[in-house]
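> Sharing work-v3.cif here; it has mmCIF, C-alpha atoms.
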data_protein
#
loop_
_atom_site.label_atom_id
_atom_site.label_comp_id
_atom_site.auth_asym_id
_atom_site.auth_seq_id
_atom_site.Cartn_x
_atom_site.Cartn_y
_atom_site.Cartn_z
CA MET X 1 -108.26 57.81 67.96
CA THR X 2 -106.42 56.17 70.81
CA VAL X 3 -103.73 57.26 73.19
CA THR X 4 -100.05 56.54 73.50
CA THR X 5 -98.33 54.54 76.21
CA ALA X 6 -98.68 55.40 79.86
CA GLY X 7 -97.57 58.80 81.05
CA SER X 8 -98.31 60.85 77.97
CA VAL X 9 -100.61 63.72 77.21
CA GLY X 10 -102.12 64.12 73.79
CA ALA X 11 -103.25 61.35 71.50
CA VAL X 12 -101.69 59.70 68.49
CA SER X 13 -103.64 57.89 65.86
CA GLU X 14 -103.86 54.13 66.04
CA ALA X 15 -106.33 51.76 64.45
CA PRO X 16 -109.65 51.78 66.37
CA THR X 17 -110.61 48.68 68.29
CA PRO X 18 -113.75 46.82 67.19
CA ALA X 19 -115.58 48.26 70.18
CA GLN X 20 -114.52 51.78 69.23
CA ALA X 21 -115.57 51.17 65.65
CA ALA X 22 -118.98 50.07 66.92
CA LEU X 23 -119.29 53.34 68.83
CA ALA X 24 -118.32 55.49 65.86
CA SER X 25 -120.83 58.15 65.03
CA PRO X 26 -123.24 57.40 62.15
CA GLY X 27 -123.05 61.04 61.08
CA PRO X 28 -125.23 64.08 61.71
CA ASP X 29 -128.95 63.63 62.22
CA ALA X 30 -131.54 65.47 60.13
CA GLU X 31 -131.86 68.40 62.51
CA SER X 32 -128.10 68.89 62.59
CA ARG X 33 -127.88 68.75 58.80
CA ALA X 34 -130.60 71.39 58.63
CA TRP X 35 -128.64 73.66 60.95
CA ILE X 36 -125.48 73.35 58.88
CA ALA X 37 -127.34 73.94 55.63
CA ALA X 38 -129.10 77.05 56.98
CA LEU X 39 -125.86 78.51 58.30
CA GLN X 40 -123.98 77.97 55.08
CA VAL X 41 -126.36 79.63 52.65
CA SER X 42 -126.43 83.38 52.24
CA GLY X 43 -129.30 85.78 52.75
CA ARG X 44 -132.30 85.86 55.06
CA GLU X 45 -132.33 82.13 55.80
CA ARG X 46 -128.80 82.38 57.18
CA ASP X 47 -129.60 85.51 59.16
CA GLU X 48 -132.55 83.80 60.78
CA ALA X 49 -130.50 80.72 61.53
CA ILE X 50 -127.83 82.87 63.14
CA ALA X 51 -130.43 84.60 65.27
CA ARG X 52 -131.85 81.26 66.42
CA LEU X 53 -128.36 79.95 67.11
CA HIS X 54 -127.52 83.01 69.19
CA GLU X 55 -130.67 82.45 71.22
CA LEU X 56 -129.63 78.85 71.94
CA LEU X 57 -126.13 79.92 72.91
CA LEU X 58 -127.48 82.65 75.17
CA ARG X 59 -129.67 80.16 76.98
CA ALA X 60 -126.68 77.88 77.54
CA ALA X 61 -124.53 80.78 78.70
CA ARG X 62 -127.24 81.88 81.17
CA PHE X 63 -127.38 78.34 82.53
CA GLU X 64 -123.66 78.38 83.20
CA VAL X 65 -123.66 81.87 84.67
CA SER X 66 -126.57 80.98 86.90
CA ARG X 67 -124.95 77.88 88.36
CA ARG X 68 -121.75 79.77 89.15
CA ARG X 69 -123.24 82.92 90.66
CA SER X 70 -121.79 82.07 94.05
CA MET X 71 -118.28 82.53 92.61
CA LEU X 72 -119.01 86.23 92.21
CA PRO X 73 -121.16 87.36 95.15
CA HIS X 74 -120.33 91.01 94.58
CA LEU X 75 -121.83 91.13 91.08
CA ARG X 76 -125.36 92.31 90.37
CA GLY X 77 -127.96 90.74 88.11
CA ASP X 78 -127.13 93.13 85.24
CA ASP X 79 -123.48 92.12 85.40
CA PHE X 80 -124.42 88.46 85.10
CA ASP X 81 -126.68 89.22 82.13
CA ASP X 82 -123.81 91.10 80.48
CA LEU X 83 -121.45 88.18 81.04
CA ALA X 84 -123.95 85.75 79.54
CA MET X 85 -124.50 87.99 76.52
CA GLN X 86 -120.75 88.45 75.93
CA SER X 87 -120.29 84.69 76.21
CA ALA X 88 -123.06 84.01 73.71
CA ASP X 89 -121.64 86.61 71.31
CA ASP X 90 -118.12 85.15 71.50
CA ALA X 91 -119.45 81.61 71.21
CA LEU X 92 -121.42 82.55 68.10
CA VAL X 93 -118.29 83.90 66.44
CA ALA X 94 -116.39 80.72 67.35
CA VAL X 95 -119.16 78.40 66.12
CA LEU X 96 -119.48 80.18 62.78
CA ALA X 97 -115.70 80.23 62.33
CA LYS X 98 -115.42 76.51 63.06
CA LEU X 99 -118.51 75.31 61.21
CA GLU X 100 -116.37 73.23 58.87
CA ASP X 101 -114.96 71.37 61.90
CA TYR X 102 -118.36 69.95 62.85
CA ARG X 103 -118.20 66.27 61.98
CA GLY X 104 -121.59 65.08 63.18
CA ASP X 105 -120.16 63.09 66.11
CA SER X 106 -122.90 64.63 68.23
CA ARG X 107 -125.98 66.73 67.66
CA PHE X 108 -125.15 70.14 66.25
CA THR X 109 -126.78 71.80 69.26
CA THR X 110 -124.62 69.80 71.72
CA TRP X 111 -121.53 70.73 69.74
CA ALA X 112 -122.54 74.40 69.75
CA TYR X 113 -123.52 74.43 73.44
CA LYS X 114 -119.99 73.54 74.50
CA PHE X 115 -118.68 76.79 72.98
CA ALA X 116 -121.16 78.86 74.97
CA LEU X 117 -120.57 76.97 78.21
CA LEU X 118 -116.79 77.21 77.86
CA GLU X 119 -116.90 80.95 77.08
CA ALA X 120 -119.10 81.58 80.10
CA ALA X 121 -117.01 79.42 82.42
CA VAL X 122 -113.74 81.06 81.38
CA LYS X 123 -115.17 84.56 81.72
CA LEU X 124 -116.56 83.77 85.16
CA ARG X 125 -113.34 82.22 86.40
CA ARG X 126 -111.29 85.15 85.14
CA ARG X 127 -113.73 87.66 86.60
CA ALA X 128 -113.60 85.89 89.96
CA TRP X 129 -109.81 86.24 90.01
CA GLN X 130 -109.65 89.76 88.62
CA GLY X 131 -107.32 91.82 90.77
CA ARG X 132 -106.64 88.92 93.12
CA GLU X 133 -103.07 88.17 93.98
CA LEU X 134 -101.39 85.07 92.64
CA PRO X 135 -98.73 83.81 95.05
CA LEU X 136 -95.31 83.73 93.42
CA SER X 137 -93.87 80.88 95.40
CA PRO X 138 -95.05 77.80 97.22
CA ASP X 139 -96.25 79.38 100.44
CA ALA X 140 -99.05 76.88 100.46
CA TRP X 141 -97.04 74.17 102.22
CA SER X 142 -99.55 74.37 105.03
CA VAL X 143 -101.97 72.33 102.94
CA PHE X 144 -99.66 69.37 103.35
CA PRO X 145 -101.20 67.12 105.98
CA ALA X 146 -100.03 67.38 109.57
CA GLY X 147 -101.73 64.70 111.62
CA GLN X 148 -102.96 61.10 111.30
CA PRO X 149 -104.74 58.74 113.64
CA SER X 150 -102.05 56.08 114.22
CA PRO X 151 -98.32 56.61 114.68
CA GLU X 152 -97.55 54.08 111.95
CA ALA X 153 -99.93 55.69 109.46
CA ARG X 154 -98.60 59.10 110.44
CA ALA X 155 -95.05 57.99 109.69
CA GLU X 156 -95.97 56.50 106.30
CA ARG X 157 -97.89 59.56 105.22
CA SER X 158 -95.37 61.95 106.61
CA GLU X 159 -92.60 60.26 104.62
CA LEU X 160 -94.63 60.31 101.43
CA PHE X 161 -95.52 63.98 101.65
CA SER X 162 -92.04 64.95 102.81
CA GLU X 163 -90.65 63.25 99.75
CA LEU X 164 -93.19 65.08 97.60
CA GLN X 165 -92.18 68.41 99.07
CA ARG X 166 -88.55 67.53 98.44
CA ALA X 167 -89.30 66.59 94.83
CA ILE X 168 -91.24 69.81 94.23
CA ALA X 169 -88.33 71.83 95.59
CA LYS X 170 -85.51 69.93 93.88
CA GLU X 171 -86.74 68.09 90.79
CA LEU X 172 -88.95 70.64 89.10
CA THR X 173 -87.77 73.61 87.09
CA PRO X 174 -88.78 76.99 88.59
CA HIS X 175 -91.62 77.48 86.10
CA GLN X 176 -92.91 73.93 86.51
CA ARG X 177 -92.97 74.52 90.25
CA GLU X 178 -94.91 77.77 89.86
CA VAL X 179 -97.47 76.18 87.55
CA LEU X 180 -97.92 73.09 89.73
CA VAL X 181 -98.24 75.00 92.97
CA ALA X 182 -100.53 77.66 91.52
CA THR X 183 -102.98 75.23 89.96
CA THR X 184 -102.93 72.33 92.44
CA LEU X 185 -102.14 73.89 95.82
CA ASN X 186 -103.31 77.47 95.47
CA GLY X 187 -106.46 76.75 93.47
CA VAL X 188 -105.70 79.14 90.62
CA PRO X 189 -107.82 78.07 87.63
CA ILE X 190 -105.59 77.11 84.75
CA ASP X 191 -107.25 79.54 82.33
CA VAL X 192 -106.75 82.39 84.80
CA LEU X 193 -103.04 81.58 84.94
CA ALA X 194 -102.98 81.25 81.14
CA GLU X 195 -104.44 84.73 80.78
CA ARG X 196 -101.85 86.20 83.16
CA LEU X 197 -99.06 84.58 81.13
CA ASN X 198 -100.51 85.39 77.68
CA THR X 199 -100.56 81.73 76.82
CA THR X 200 -103.05 78.89 76.36
CA ARG X 201 -104.62 76.47 78.80
CA GLY X 202 -103.19 73.57 76.81
CA ALA X 203 -99.61 74.85 76.96
CA LEU X 204 -99.85 75.23 80.73
CA TYR X 205 -101.43 71.82 81.19
CA LYS X 206 -98.53 70.27 79.29
CA THR X 207 -96.15 71.89 81.79
CA LEU X 208 -98.30 70.64 84.67
CA HIS X 209 -98.30 67.16 83.18
CA ASP X 210 -94.49 67.19 82.83
CA ALA X 211 -94.13 68.33 86.44
CA ARG X 212 -96.43 65.54 87.64
CA GLN X 213 -94.45 62.98 85.66
CA LYS X 214 -91.26 64.12 87.44
CA LEU X 215 -92.92 63.79 90.84
CA ARG X 216 -94.11 60.27 90.06
CA ALA X 217 -90.67 59.33 88.77
CA HIS X 218 -89.05 60.71 91.92
CA LEU X 219 -91.36 58.73 94.20
CA ALA X 220 -90.75 55.58 92.17
CA ALA X 221 -86.98 56.11 92.38
CA GLN X 222 -87.34 56.33 96.18
CA GLY X 223 -89.18 53.02 96.12
CA MET X 224 -92.41 54.63 97.21
CA SER X 225 -95.67 53.24 95.99
CA ILE X 226 -98.54 55.66 96.15
CA GLU X 227 -101.06 52.85 96.28
CA GLU X 228 -99.25 51.10 99.15
CA GLY X 229 -99.02 54.39 100.96
CA LYS X 230 -102.78 54.71 100.71
CA GLU X 231 -103.41 51.16 101.87
CA ASN X 232 -101.13 51.49 104.88
CA ALA X 233 -102.58 54.82 105.99
CA MET Y 1 -89.06 98.40 90.80
CA ASN Y 2 -87.07 97.20 93.78
CA ASP Y 3 -87.26 94.16 96.01
CA ASP Y 4 -89.46 95.98 98.51
CA THR Y 5 -92.22 96.53 95.99
CA MET Y 6 -91.90 92.93 94.86
CA GLY Y 7 -92.71 91.82 98.37
CA GLY Y 8 -89.59 89.71 98.51
CA GLN Y 9 -88.93 86.37 96.87
CA HIS Y 10 -91.52 84.60 99.01
CA GLY Y 11 -94.27 87.15 98.93
CA SER Y 12 -97.14 87.70 96.58
CA ILE Y 13 -98.07 90.56 94.34
CA ALA Y 14 -101.50 92.05 94.34
CA GLY Y 15 -103.00 94.33 91.76
CA SER Y 16 -102.93 94.41 87.99
CA GLY Y 17 -101.81 91.60 85.72
CA VAL Y 18 -98.95 93.78 84.49
CA THR Y 19 -97.53 94.11 87.99
CA TRP Y 20 -97.78 90.37 88.54
CA ARG Y 21 -96.10 89.63 85.20
CA GLU Y 22 -93.33 92.11 85.92
CA ALA Y 23 -92.65 90.50 89.27
CA ARG Y 24 -92.75 87.00 87.81
CA LEU Y 25 -90.16 87.96 85.22
CA ARG Y 26 -87.96 89.64 87.81
CA VAL Y 27 -88.01 86.46 89.93
CA ALA Y 28 -86.97 84.54 86.80
CA GLY Y 29 -83.93 86.78 86.41
CA PHE Y 30 -85.01 89.40 83.87
CA GLU Y 31 -83.59 92.85 84.56
CA TRP Y 32 -86.28 95.34 85.48
CA GLN Y 33 -86.53 97.34 82.25
CA THR Y 34 -86.90 94.20 80.14
CA ALA Y 35 -89.37 92.75 82.62
CA SER Y 36 -91.41 95.92 82.49
CA GLN Y 37 -91.49 96.01 78.67
CA LEU Y 38 -92.34 92.34 78.33
CA ALA Y 39 -95.03 92.51 81.00
CA ARG Y 40 -96.84 95.22 79.05
CA ASP Y 41 -96.69 93.49 75.69
CA ASP Y 42 -99.77 91.33 75.11
CA ALA Y 43 -98.09 89.67 72.14
CA VAL Y 44 -95.44 88.03 74.31
CA ASP Y 45 -96.16 84.51 75.54
CA LEU Y 46 -94.65 84.64 79.01
CA HIS Y 47 -95.14 80.92 79.53
CA ALA Y 48 -92.96 80.17 76.48
CA LEU Y 49 -90.44 82.73 77.72
CA LEU Y 50 -90.21 81.20 81.17
CA GLU Y 51 -89.92 77.70 79.73
CA LEU Y 52 -86.92 78.85 77.66
CA VAL Y 53 -85.29 80.27 80.79
CA ASP Y 54 -86.06 77.00 82.59
CA ARG Y 55 -84.07 75.18 79.95
CA GLY Y 56 -81.04 77.35 80.62
CA CYS Y 57 -81.49 80.16 78.14
CA PRO Y 58 -80.25 83.47 79.61
CA PRO Y 59 -83.24 85.79 80.17
CA HIS Y 60 -82.03 88.55 77.87
CA LEU Y 61 -81.54 86.03 75.04
CA ALA Y 62 -84.93 84.41 75.67
CA ALA Y 63 -86.52 87.84 75.41
CA ARG Y 64 -84.84 88.45 72.04
CA ILE Y 65 -85.84 85.03 70.72
CA LEU Y 66 -89.49 85.38 71.62
CA ALA Y 67 -90.02 89.11 71.26
CA PRO Y 68 -92.29 90.22 68.41
CA LEU Y 69 -90.52 90.83 65.10
CA ASP Y 70 -91.35 94.56 65.24
CA SER Y 71 -87.89 95.88 66.11
CA GLU Y 72 -89.27 98.98 67.85
CA ARG Y 73 -90.96 96.75 70.39
CA SER Y 74 -88.08 94.28 70.87
CA PRO Y 75 -86.40 94.61 74.22
CA ASN Y 76 -82.59 94.97 74.22
CA MET F 1 -105.13 58.05 104.44
CA THR F 2 -107.84 60.67 104.72
CA GLN F 3 -109.94 61.81 101.78
CA GLN F 4 -108.16 65.16 101.98
CA ASP F 5 -104.77 63.44 101.64
CA ASP F 6 -106.05 61.41 98.73
CA ASN F 7 -107.38 64.52 96.98
CA LEU F 8 -104.08 66.30 97.50
CA LEU F 9 -102.12 63.36 96.08
CA ARG F 10 -104.40 63.17 93.06
CA ALA F 11 -104.05 66.91 92.45
CA LEU F 12 -100.27 66.82 92.70
CA LEU F 13 -99.61 63.62 90.81
CA GLY F 14 -102.41 63.65 88.28
CA PRO F 15 -103.72 60.58 86.48
CA ASP F 16 -101.52 57.56 85.99
CA GLN F 17 -102.83 56.79 82.53
CA PRO F 18 -102.42 58.41 79.14
CA GLU F 19 -104.67 61.40 78.78
CA LEU F 20 -105.93 63.78 76.17
CA SER F 21 -104.69 67.35 75.96
CA CYS F 22 -107.05 70.19 76.84
CA GLU F 23 -107.60 70.93 73.14
CA GLU F 24 -108.39 67.30 72.33
CA CYS F 25 -110.69 67.14 75.32
CA PHE F 26 -112.68 70.15 74.11
CA GLU F 27 -112.82 68.75 70.60
CA GLN F 28 -114.28 65.43 71.79
CA LEU F 29 -116.40 66.69 74.68
CA ASP F 30 -119.73 66.83 72.85
CA ARG F 31 -119.37 63.31 71.51
CA TYR F 32 -118.27 62.01 74.91
CA VAL F 33 -121.21 63.62 76.72
CA GLU F 34 -123.77 62.29 74.28
CA LEU F 35 -122.37 58.78 74.61
CA GLU F 36 -122.51 59.11 78.40
CA LEU F 37 -126.11 60.27 78.33
CA THR F 38 -127.20 57.40 76.12
CA GLY F 39 -125.50 54.89 78.42
CA SER F 40 -122.89 53.96 75.83
CA SER F 41 -119.25 53.19 76.62
CA ALA F 42 -117.99 56.74 76.42
CA ASP F 43 -114.63 55.89 78.00
CA GLU F 44 -114.04 53.17 75.46
CA ALA F 45 -115.00 55.40 72.54
CA VAL F 46 -112.82 58.30 73.71
CA PRO F 47 -109.79 56.84 75.48
CA GLY F 48 -107.82 59.30 77.53
CA MET F 49 -110.81 61.54 78.20
CA ARG F 50 -111.64 60.19 81.64
CA ALA F 51 -108.02 60.47 82.75
CA HIS F 52 -107.79 64.06 81.56
CA LEU F 53 -111.05 65.03 83.29
CA GLU F 54 -109.58 63.65 86.51
CA GLY F 55 -106.35 65.58 86.03
CA CYS F 56 -107.61 68.94 84.79
CA PRO F 57 -110.04 70.76 87.11
CA ALA F 58 -111.07 73.29 84.42
CA CYS F 59 -111.93 70.60 81.85
CA HIS F 60 -113.64 68.63 84.62
CA GLU F 61 -115.93 71.59 85.28
CA ASP F 62 -116.58 72.15 81.57
CA HIS F 63 -117.54 68.50 81.15
CA ALA F 64 -119.94 68.66 84.10
CA SER F 65 -121.53 71.80 82.70
CA LEU F 66 -122.11 70.35 79.24
CA ARG F 67 -123.39 67.04 80.60
CA ASP F 68 -125.77 68.72 83.04
CA TYR F 69 -127.03 71.22 80.48
CA VAL F 70 -127.68 68.68 77.73
CA ARG F 71 -129.35 66.38 80.25
CA SER F 72 -131.56 69.23 81.46
CA MET F 73 -132.56 70.11 77.90
CA ARG F 74 -133.55 66.53 77.19
CA GLU F 75 -135.62 66.25 80.32
CA ARG F 76 -137.87 69.12 79.25
#
Before we go any further, please render this structure as structure tokens.


Amino acid sequence: MTVTTAGSVGAVSEAPTPAQAALASPGPDAESRAWIAALQVSGRERDEAIARLHELLLRAARFEVSRRRSMLPHLRGDDFDDLAMQSADDALVAVLAKLEDYRGDSRFTTWAYKFALLEAAVKLRRRAWQGRELPLSPDAWSVFPAGQPSPEARAERSELFSELQRAIAKELTPHQREVLVATTLNGVPIDVLAERLNTTRGALYKTLHDARQKLRAHLAAQGMSIEEGKENA
Amino acid sequence: MNDDTMGGQHGSIAGSGVTWREARLRVAGFEWQTASQLARDDAVDLHALLELVDRGCPPHLAARILAPLDSERSPN
Amino acid sequence: MTQQDDNLLRALLGPDQPELSCEECFEQLDRYVELELTGSSADEAVPGMRAHLEGCPACHEDHASLRDYVRSMRER
């Protein structure tokens, strides 16, 4: 799998390079094959495998919850345990539903861990933003830089960011502007915004990508090089 | 819902997700009853709705295009 | 240009190379992390991943979590 020409999101299939072919996975190892086999039979063996899998997922979920505790200072230990358990439960359902998708590109446990870690991360981010207000318009212009050491650098930077502000106001559609500002200036996690809009992270990221492409195109049309702007600052 | 409760075009809306969605739809041009119905319907992808409006589709038409097929739930 | 300015520019403009979508990123994340942890050329094996991780803060965090967790499990 390789990617398309510059400026795109999402891959298209092209022939792998020799280096990529050399890095192709040799297939699942013995332990991973054992996991898949145990989870695909019926009866007690499967039940025991599911129980072991849940234990692994719970450990991963607890790891993630633990490292992000500071995001939710008002929660108690029980609340964190509940979040970890819910994450492990949801991850287990996802893993079992997608068992046929496991291709052996990594260890089965690594593949499974990512479901638990993602579930926990999303739940934590959403919980952290529960009830918090999401600004409806770009009132975060204050994050645009105000001062610079030298007058020349100040002028260069000022022009670049002024042009960016202009592009955000004029070039983007209203929804592109909302998504860009929310996720990049106001720090709203993309999955929190996705939940509020009843949509997916991927759909929103596509909109963000399109907005960014417009900003780059606008700067290029004005003859502004981002790299030169950085060098001259 | 009136403009005061929305906090104006440049304000922000605190509280439940429904309130925020309602306000977001009002800002996009949906009349309040449609905004209220759509905001409460978990089956409606508001991102897809707003993208349609972005492309020039009138809000009421966008709502009809993307509303669930259950006619009792479709906004007018 | 200050680091703050640079971070703001990166956040607004995103990566300047082709990148994976969030779904593709999740799909490939386990393979990418294992290649990273074995010192293999992960970026060459999964083109577009690095750019997406730079452009998407949520996927960036998810990648860090999986990498750190798998590394910690192997160090036991």

> Take the PyMOL selection byres ((chain F) within 9 of (chain X)), run it mentally on this structure, and tell me the resulting residues as a PyMOL selection string.

chain F and resi 1-2+4-6+8-9+11-24+26-35+40-42+44-48+52+55-58+61-63+65-66+69-70

> Could you state the separation of CA of Arg132 in chain X and CA of Ser66 in chain X in Å, given to one decimal place?

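Atom-to-atom, CA of Arg132 in chain X and CA of Ser66 in chain X are spaced 22.3 Å apart.
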
> Go through the shown structure with the PyMOL selection byres ((chain X) within 10 of (chain Y)) and write out the matching residues as a list in words.

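Checked against the file, the PyMOL selection byres ((chain X) within 10 of (chain Y)) matches Gln130, Gly131, Arg132, Glu133, Leu134, Pro135, Leu136, Ser137, Pro138, Asp139, Leu172, Thr173, Pro174, His175, Gln176, Glu178, Val179, Leu193, Ala194, Glu195, Arg196, Leu197, Asn198, Thr199, Thr200, Ala203, Leu204 and Thr207 of chain X.
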
> Up to 8 Å from (-119.7, 83.2, 58.4) in the file's coordinates: name the residues, counting only C-alpha atoms, as an NGL selection string.

:X and (39-40 or 96-97)

> Please indicate the distance in Å from CA of Gln86 in chain X to CA of Cys59 in chain F, rounded to one decimal place.

20.8 Å

> If I take CA of Ala88 in chain X and CA of Ala61 in chain X, how far is one from the other in Å, to one decimal?

6.1 Å

> Env of Ala37 in chain X: 12 Å cut, atoms = all atoms listed in the file, seq-sep filter 3 positions within chain, self excluded. Answer as a PDB file with C-alpha atoms, keeping the file's coordinate frame.


ATOM      1  CA  PRO X  28    -125.230  64.080  61.710  1.00  0.00           C
ATOM      2  CA  ALA X  30    -131.540  65.470  60.130  1.00  0.00           C
ATOM      3  CA  GLU X  31    -131.860  68.400  62.510  1.00  0.00           C
ATOM      4  CA  SER X  32    -128.100  68.890  62.590  1.00  0.00           C
ATOM      5  CA  ARG X  33    -127.880  68.750  58.800  1.00  0.00           C
ATOM      6  CA  ALA X  34    -130.600  71.390  58.630  1.00  0.00           C
ATOM      7  CA  GLN X  40    -123.980  77.970  55.080  1.00  0.00           C
ATOM      8  CA  VAL X  41    -126.360  79.630  52.650  1.00  0.00           C
ATOM      9  CA  SER X  42    -126.430  83.380  52.240  1.00  0.00           C
ATOM     10  CA  GLU X  45    -132.330  82.130  55.800  1.00  0.00           C
ATOM     11  CA  ARG X  46    -128.800  82.380  57.180  1.00  0.00           C
ATOM     12  CA  ALA X  49    -130.500  80.720  61.530  1.00  0.00           C
ATOM     13  CA  ILE X  50    -127.830  82.870  63.140  1.00  0.00           C
ATOM     14  CA  LEU X  99    -118.510  75.310  61.210  1.00  0.00           C
ATOM     15  CA  GLU X 100    -116.370  73.230  58.870  1.00  0.00           C
ATOM     16  CA  PHE X 108    -125.150  70.140  66.250  1.00  0.00           C
TER      17      PHE X 108
END

> How big is the axis-aligned box around the listed atoms of range 42-59 of chain F once 4 Å is added on each side, and where is its centre? Give both in Å to one decimal, as AutoDock Vina command-line options.


--center_x -112.2 --center_y 63.2 --center_z 79.8 --size_x 19.6 --size_y 28.1 --size_z 22.6

> Evaluated on this file, the PyMOL selection byres ((chain X and resi 72) around 12) picks out some residues - which ones are they, written as a VMD selection string?

chain X and resid 65 to 71 73 to 77 79 to 80 83 123 to 130
